[in-house]
$ cat input07.tsv   # TSV, C-alpha atoms
chain	number	residue	atom	x	y	z
J	1	MET	CA	35.88	7.97	0.48
J	2	SER	CA	34.96	11.60	-0.02
J	3	ASP	CA	31.27	11.01	0.46
J	4	LEU	CA	29.79	13.86	2.50
J	5	MET	CA	27.25	11.64	4.23
J	6	SER	CA	29.69	9.02	5.51
J	7	THR	CA	32.35	10.62	7.66
J	8	PRO	CA	34.65	8.18	9.50
J	9	ALA	CA	33.08	9.18	12.81
J	10	LEU	CA	29.62	8.21	11.60
J	11	GLY	CA	30.74	4.69	10.64
J	12	ARG	CA	32.49	4.20	13.96
J	13	LEU	CA	29.55	5.48	15.97
J	14	GLU	CA	27.22	3.19	14.05
J	15	ARG	CA	29.31	0.17	15.01
J	16	PHE	CA	29.52	1.40	18.58
J	17	LEU	CA	25.71	1.54	18.76
J	18	ASP	CA	25.44	-1.89	17.12
J	19	VAL	CA	27.69	-3.53	19.68
J	20	SER	CA	25.80	-1.74	22.48
J	21	VAL	CA	22.51	-3.16	21.19
J	22	VAL	CA	23.98	-6.66	20.94
J	23	ARG	CA	25.22	-6.39	24.48
J	24	HIS	CA	21.90	-5.06	25.71
J	25	SER	CA	20.01	-7.93	24.09
J	26	LEU	CA	22.36	-10.44	25.76
J	27	ILE	CA	21.72	-8.79	29.13
J	28	SER	CA	17.96	-8.97	28.48
J	29	SER	CA	18.42	-12.65	27.70
J	30	ASN	CA	20.42	-13.21	30.91
J	31	LEU	CA	17.78	-11.41	32.98
J	32	ALA	CA	14.96	-13.34	31.30
J	33	ASN	CA	16.64	-16.60	32.28
J	34	ILE	CA	17.45	-15.65	35.86
J	35	ASP	CA	15.42	-18.64	37.13
J	36	THR	CA	16.14	-21.14	34.33
J	37	PRO	CA	18.05	-24.15	35.67
J	38	GLY	CA	21.37	-24.74	33.92
J	39	TYR	CA	21.42	-21.37	32.11
J	40	ARG	CA	24.89	-19.77	31.79
J	41	THR	CA	25.47	-16.01	31.68
J	42	ARG	CA	26.53	-14.84	28.22
J	43	ASP	CA	28.17	-11.60	27.20
J	44	VAL	CA	30.30	-10.06	24.46
J	45	ASN	CA	33.76	-8.59	24.90
J	46	PHE	CA	32.84	-5.00	24.08
J	47	LEU	CA	36.26	-3.77	22.94
J	48	SER	CA	37.20	-6.77	20.85
J	49	GLU	CA	33.75	-6.79	19.22
J	50	LEU	CA	34.13	-3.10	18.41
J	51	ARG	CA	37.52	-3.79	16.87
J	52	ARG	CA	36.22	-6.79	14.94
J	53	ALA	CA	33.18	-4.89	13.67
J	54	GLY	CA	35.50	-2.13	12.47
J	55	SER	CA	38.02	-4.40	10.76
J	56	GLY	CA	36.51	-4.01	7.31
J	57	LEU	CA	34.15	-6.96	7.56
J	58	GLU	CA	31.12	-6.90	5.33
J	59	TYR	CA	28.40	-5.27	7.36
J	60	ALA	CA	25.81	-8.02	6.75
J	61	SER	CA	28.23	-10.79	7.72
J	62	TYR	CA	29.02	-9.29	11.11
J	63	GLN	CA	28.00	-11.73	13.82
J	64	PRO	CA	28.79	-10.92	17.44
J	65	ALA	CA	30.62	-13.65	19.35
J	66	ALA	CA	28.72	-14.21	22.58
J	67	ARG	CA	30.71	-16.17	25.12
J	68	PRO	CA	29.81	-17.69	28.46
J	69	VAL	CA	31.12	-15.46	31.24
J	70	GLN	CA	33.71	-17.14	33.47
J	71	GLY	CA	34.19	-16.77	37.22
J	72	LEU	CA	30.60	-16.29	38.32
J	73	LEU	CA	29.14	-18.01	41.34
J	74	GLU	CA	27.02	-20.97	40.31
J	75	ARG	CA	23.79	-21.83	42.11
J	76	PRO	CA	22.91	-25.46	42.92
J	77	ASP	CA	20.57	-25.62	39.88
J	78	GLY	CA	23.48	-24.87	37.51
J	79	ASN	CA	22.40	-21.27	36.82
J	80	ASN	CA	25.04	-18.57	37.27
J	81	VAL	CA	23.17	-15.33	36.45
J	82	SER	CA	24.21	-12.60	38.90
J	83	LEU	CA	21.58	-9.92	39.40
J	84	GLU	CA	24.15	-7.32	40.50
J	85	ARG	CA	26.43	-7.91	37.53
J	86	GLU	CA	23.56	-7.74	35.04
J	87	SER	CA	22.10	-4.57	36.59
J	88	LEU	CA	25.48	-2.84	36.48
J	89	VAL	CA	26.19	-3.88	32.90
J	90	LEU	CA	22.64	-2.86	31.93
J	91	ALA	CA	23.15	0.63	33.35
J	92	ARG	CA	26.57	0.94	31.74
J	93	THR	CA	25.31	-0.22	28.34
J	94	GLN	CA	22.42	2.22	28.48
J	95	LEU	CA	24.77	5.10	29.24
J	96	ALA	CA	27.12	3.98	26.45
J	97	PHE	CA	24.21	3.84	24.00
J	98	ASN	CA	23.00	7.26	25.10
J	99	THR	CA	26.51	8.68	24.64
J	100	GLY	CA	26.70	7.14	21.17
J	101	VAL	CA	23.36	8.64	20.18
J	102	GLN	CA	24.35	12.11	21.44
J	103	LEU	CA	27.66	11.96	19.54
J	104	LEU	CA	25.83	10.82	16.41
J	105	ARG	CA	23.41	13.74	16.70
J	106	ALA	CA	26.32	16.14	17.16
J	107	GLU	CA	27.92	14.71	14.02
J	108	PHE	CA	24.72	15.20	12.04
J	109	ARG	CA	24.41	18.74	13.38
J	110	ARG	CA	27.93	19.41	12.15
J	111	LEU	CA	27.01	18.16	8.67
J	112	SER	CA	23.86	20.22	8.68
J	113	LEU	CA	25.91	23.25	9.71
J	114	ALA	CA	28.18	22.69	6.70
J	115	ILE	CA	25.19	22.29	4.39
J	116	ASN	CA	23.65	25.52	5.68
J	117	GLU	CA	26.94	27.40	5.20
J	118	GLY	CA	27.40	27.79	8.94
J	119	LYS	CA	24.15	29.63	9.44
F	1	MET	CA	20.64	-5.36	14.73
F	2	ASN	CA	17.17	-5.79	16.06
F	3	LEU	CA	16.19	-3.45	18.87
F	4	PHE	CA	12.73	-4.97	19.13
F	5	GLY	CA	14.05	-8.50	19.67
F	6	MET	CA	15.15	-7.49	23.18
F	7	LEU	CA	11.57	-6.57	24.02
F	8	GLU	CA	10.43	-10.04	22.98
F	9	VAL	CA	13.05	-11.70	25.19
F	10	SER	CA	12.06	-9.63	28.23
F	11	GLY	CA	8.40	-10.14	27.35
F	12	SER	CA	8.82	-13.91	27.37
F	13	ALA	CA	10.26	-13.64	30.88
F	14	LEU	CA	7.33	-11.49	32.04
F	15	LEU	CA	4.93	-14.13	30.73
F	16	ALA	CA	6.85	-17.03	32.30
F	17	GLU	CA	7.13	-15.32	35.69
F	18	ARG	CA	3.43	-14.48	35.67
F	19	GLN	CA	2.58	-18.12	34.93
F	20	ARG	CA	4.84	-19.11	37.83
F	21	ALA	CA	3.03	-16.67	40.13
F	22	GLU	CA	-0.33	-18.07	38.96
F	23	VAL	CA	0.74	-21.64	39.76
F	24	VAL	CA	2.03	-20.57	43.18
F	25	THR	CA	-1.20	-18.74	44.03
F	26	SER	CA	-3.16	-21.82	42.95
F	27	ASN	CA	-1.01	-23.87	45.36
F	28	MET	CA	-1.73	-21.42	48.18
F	29	ALA	CA	-5.46	-21.36	47.39
F	30	ASN	CA	-5.59	-25.17	47.56
F	31	LEU	CA	-3.64	-25.49	50.78
F	32	GLU	CA	-6.44	-27.49	52.41
F	33	THR	CA	-8.14	-29.05	49.35
F	34	THR	CA	-8.71	-32.73	50.05
F	35	HIS	CA	-10.98	-33.49	47.13
F	36	THR	CA	-10.20	-33.04	43.40
F	37	ALA	CA	-11.77	-34.21	40.14
F	38	GLU	CA	-8.88	-36.67	39.64
F	39	GLY	CA	-9.50	-38.06	43.13
F	40	GLY	CA	-7.33	-37.66	46.21
F	41	PRO	CA	-6.03	-34.37	47.62
F	42	TYR	CA	-4.76	-31.46	45.53
F	43	ARG	CA	-1.17	-31.99	44.36
F	44	ARG	CA	1.30	-29.11	44.60
F	45	GLN	CA	2.15	-27.84	41.09
F	46	LEU	CA	5.61	-26.71	39.99
F	47	VAL	CA	6.68	-24.89	36.81
F	48	VAL	CA	9.75	-25.89	34.80
F	49	PHE	CA	11.57	-23.04	33.03
F	50	ARG	CA	13.52	-23.61	29.85
F	51	ALA	CA	15.74	-21.29	27.80
F	52	GLN	CA	14.67	-21.09	24.19
F	53	ARG	CA	16.11	-19.60	21.02
F	54	LEU	CA	13.89	-16.94	19.59
F	55	PRO	CA	13.07	-17.40	15.91
F	56	GLN	CA	13.61	-13.94	14.50
F	57	PHE	CA	11.86	-13.45	11.24
F	58	PRO	CA	14.18	-10.81	9.73
F	59	MET	CA	17.17	-12.97	10.61
F	60	LEU	CA	15.61	-16.04	9.03
F	61	LEU	CA	14.76	-14.01	5.95
F	62	ALA	CA	18.37	-12.94	5.60
F	63	GLY	CA	19.51	-16.55	6.03
F	64	LEU	CA	21.49	-15.69	9.14
F	65	GLN	CA	21.89	-17.86	12.21
F	66	PRO	CA	19.76	-16.75	15.13
F	67	ARG	CA	21.82	-14.83	17.64
F	68	ALA	CA	22.86	-15.99	21.06
F	69	THR	CA	19.89	-14.45	22.86
F	70	ARG	CA	17.59	-16.86	24.61
F	71	ALA	CA	14.01	-16.27	25.61
F	72	VAL	CA	12.44	-18.23	28.46
F	73	ARG	CA	9.24	-20.23	28.58
F	74	VAL	CA	7.42	-22.56	30.92
F	75	SER	CA	8.14	-25.92	29.32
F	76	GLN	CA	5.89	-27.92	31.65
F	77	VAL	CA	3.96	-27.83	34.88
F	78	ILE	CA	4.68	-30.89	37.01
F	79	ALA	CA	3.02	-32.22	40.15
F	80	ASP	CA	5.18	-32.43	43.26
F	81	PRO	CA	5.73	-36.16	43.97
F	82	ALA	CA	5.86	-35.56	47.75
F	83	PRO	CA	3.39	-37.81	49.62
F	84	ALA	CA	0.25	-36.25	51.10
F	85	ILE	CA	0.12	-35.32	54.78
F	86	GLU	CA	-2.29	-37.46	56.78
F	87	ARG	CA	-4.30	-35.95	59.62
F	88	TYR	CA	-6.66	-37.79	61.93
F	89	GLN	CA	-10.15	-36.31	61.35
F	90	PRO	CA	-12.71	-39.12	61.58
F	91	GLY	CA	-15.74	-36.90	60.92
F	92	HIS	CA	-14.34	-35.54	57.62
F	93	PRO	CA	-16.20	-36.67	54.44
F	94	ASP	CA	-12.85	-37.55	52.78
F	95	ALA	CA	-11.57	-39.61	55.72
F	96	ASP	CA	-10.45	-43.16	54.92
F	97	ALA	CA	-11.49	-46.29	56.87
F	98	ARG	CA	-8.93	-45.50	59.63
F	99	GLY	CA	-10.28	-41.95	60.00
F	100	TYR	CA	-7.29	-40.25	58.36
F	101	VAL	CA	-7.67	-37.46	55.78
F	102	ALA	CA	-4.96	-36.87	53.12
F	103	PHE	CA	-4.04	-33.17	52.92
F	104	PRO	CA	-1.81	-31.63	50.21
F	105	ALA	CA	1.89	-31.46	51.16
F	106	ILE	CA	2.17	-27.68	50.74
F	107	ASN	CA	4.27	-25.43	52.95
F	108	PRO	CA	2.77	-21.89	52.87
F	109	VAL	CA	6.14	-20.31	53.73
F	110	GLU	CA	7.78	-22.04	50.79
F	111	GLU	CA	5.00	-20.89	48.45
F	112	MET	CA	5.20	-17.32	49.73
F	113	THR	CA	8.97	-17.27	49.13
F	114	ASP	CA	8.45	-18.62	45.63
F	115	LEU	CA	5.81	-15.97	44.95
F	116	LEU	CA	8.17	-13.22	46.13
F	117	GLY	CA	10.87	-14.62	43.84
F	118	ALA	CA	8.46	-14.54	40.90
F	119	VAL	CA	7.38	-10.96	41.67
F	120	ARG	CA	11.00	-9.75	41.97
F	121	ALA	CA	11.99	-11.46	38.73
F	122	TYR	CA	8.93	-9.87	37.08
F	123	GLU	CA	10.00	-6.41	38.30
F	124	LEU	CA	13.55	-7.03	37.11
F	125	ASN	CA	12.41	-7.90	33.60
F	126	ALA	CA	9.96	-5.01	33.59
F	127	SER	CA	12.89	-2.66	34.23
F	128	ALA	CA	14.79	-4.35	31.39
F	129	VAL	CA	11.81	-3.52	29.17
F	130	GLN	CA	12.01	0.11	30.36
F	131	ALA	CA	15.70	0.19	29.45
F	132	SER	CA	15.00	-1.24	25.98
F	133	LYS	CA	12.20	1.27	25.46
F	134	ALA	CA	14.54	4.12	26.45
F	135	MET	CA	17.11	2.92	23.91
F	136	ILE	CA	14.54	2.68	21.13
F	137	GLN	CA	13.27	6.16	22.01
F	138	GLN	CA	16.81	7.55	21.91
F	139	SER	CA	17.49	6.03	18.52
F	140	LEU	CA	14.28	7.60	17.24
F	141	ASP	CA	15.53	10.94	18.61
F	142	ILE	CA	18.48	10.78	16.17
F	143	LEU	CA	15.98	11.60	13.45
F	144	ARG	CA	14.86	14.81	15.11
$ encode --input "input07.tsv" --output "structure tokens"
Amino acid sequence: MSDLMSTPALGRLERFLDVSVVRHSLISSNLANIDTPGYRTRDVNFLSELRRAGSGLEYASYQPAARPVQGLLERPDGNNVSLERESLVLARTQLAFNTGVQLLRAEFRRLSLAINEGK
Amino acid sequence: MNLFGMLEVSGSALLAERQRAEVVTSNMANLETTHTAEGGPYRRQLVVFRAQRLPQFPMLLAGLQPRATRAVRVSQVIADPAPAIERYQPGHPDADARGYVAFPAINPVEEMTDLLGAVRAYELNASAVQASKAMIQQSLDILR
């Protein structure tokens, strides 16, 4: 595609932000259910989701695969949400999202530079 | 993807934890209540949390399955089945024929711990809301 407004980097960054948002919403869901008996921690595999989202699937049909996380300590009420794990992943996802946004802005600035003949 | 859906999930947790704190404070307030409208001493109340799929209107409109995120809600408030504690107080207006008064089976330390748990969980979800807000703000900054 030789469309000016859709450079390959833009598409990739868009998917990166999408997967970050999906992950963030799963963390929110895990944190919301920190006291729900029987609730299991759920997460996405970031890299494989990113690959899957970029594998030419129709954008509207992209559905993230959230899986229960294995190997977490389970409390007597059947809940296995770990506060430390969720806080760490929350911080990491926020930084990843921030990075994605900054890169996206840089990409747009580059386009705008081209439009303005480098002025 | 819906950035605002995350706020609803965290918001549901804030609501549920606040309801839990309200029930716990009601238990602490009625530590010594021997007389209620239903008769007998006050019964300790407990909340039951349940994970719940969030119906997301844009997703329903598009005919897509709701995603894996789960909100939380208080599904019911149950009375603790523990028997009342009997104390010998013959002069008490609620004393039975033997002079014993039935007091609620509430342990203040247990209630205090539960309240702390609710407050911490509230704080946790409030910081998740802050994180979501920061992400929404950043995505708005792309436009600038």
$ closest_atom_pairs --input "input07.tsv" --of "chain J" --to "chain F" --cutoff "7 Å" --atoms "all atoms listed in the file" --output "JSON lines"
{"residue": "J:Asp18", "atom": "CA", "partner": "F:Met1", "partner_atom": "CA", "distance": 6.4}
{"residue": "J:Val21", "atom": "CA", "partner": "F:Leu3", "partner_atom": "CA", "distance": 6.7}
{"residue": "J:Ser25", "atom": "CA", "partner": "F:Met6", "partner_atom": "CA", "distance": 5.0}
{"residue": "J:Leu26", "atom": "CA", "partner": "F:Thr69", "partner_atom": "CA", "distance": 5.5}
{"residue": "J:Ser28", "atom": "CA", "partner": "F:Ser10", "partner_atom": "CA", "distance": 5.9}
{"residue": "J:Ser29", "atom": "CA", "partner": "F:Arg70", "partner_atom": "CA", "distance": 5.3}
{"residue": "J:Leu31", "atom": "CA", "partner": "F:Asn125", "partner_atom": "CA", "distance": 6.4}
{"residue": "J:Ala32", "atom": "CA", "partner": "F:Ala13", "partner_atom": "CA", "distance": 4.7}
{"residue": "J:Asn33", "atom": "CA", "partner": "F:Val72", "partner_atom": "CA", "distance": 5.9}
{"residue": "J:Thr36", "atom": "CA", "partner": "F:Phe49", "partner_atom": "CA", "distance": 5.1}
{"residue": "J:Ala66", "atom": "CA", "partner": "F:Ala68", "partner_atom": "CA", "distance": 6.3}
{"residue": "J:Asn98", "atom": "CA", "partner": "F:Gln138", "partner_atom": "CA", "distance": 7.0}
{"residue": "J:Val101", "atom": "CA", "partner": "F:Ser139", "partner_atom": "CA", "distance": 6.6}
{"residue": "J:Arg105", "atom": "CA", "partner": "F:Ile142", "partner_atom": "CA", "distance": 5.8}
$ residues_around --input "input07.tsv" --residues "F:Tyr100" --least-positions-apart "5" --cutoff "10 Å" --atoms "all atoms listed in the file" --output "ChimeraX atom specification"
/F:85-92,94-95
$ atom_distance --input "input07.tsv" --atom1 "atom CA of J:Asp43" --atom2 "atom CA of J:Asn30"
8.7 Å
$ atom_distance --input "input07.tsv" --atom1 "atom CA of J:Thr7" --atom2 "atom CA of J:Leu111"
9.3 Å
$ residues_around --input "input07.tsv" --residues "stretch 28-36 of chain F" --least-positions-apart "5" --cutoff "7 Å" --atoms "all atoms listed in the file" --output "PyMOL selection string"
chain F and resi 41-42+94+102-104+106+108+111
$ residues_around --input "input07.tsv" --residues "stretch 70-78 of chain J" --least-positions-apart "4" --cutoff "10 Å" --atoms "only C-alpha atoms" --output "NGL selection string"
:J and (35-42 or 82 or 85)
$ atom_distance --input "input07.tsv" --atom1 "atom CA of J:Ser6" --atom2 "atom CA of J:Gln102"
17.1 Å
$ closest_residue --input "input07.tsv" --among "J:Val89, J:Asn45, J:Asn116, J:Phe97" --to "F:Gln137" --atoms "only C-alpha atoms"
J:Phe97
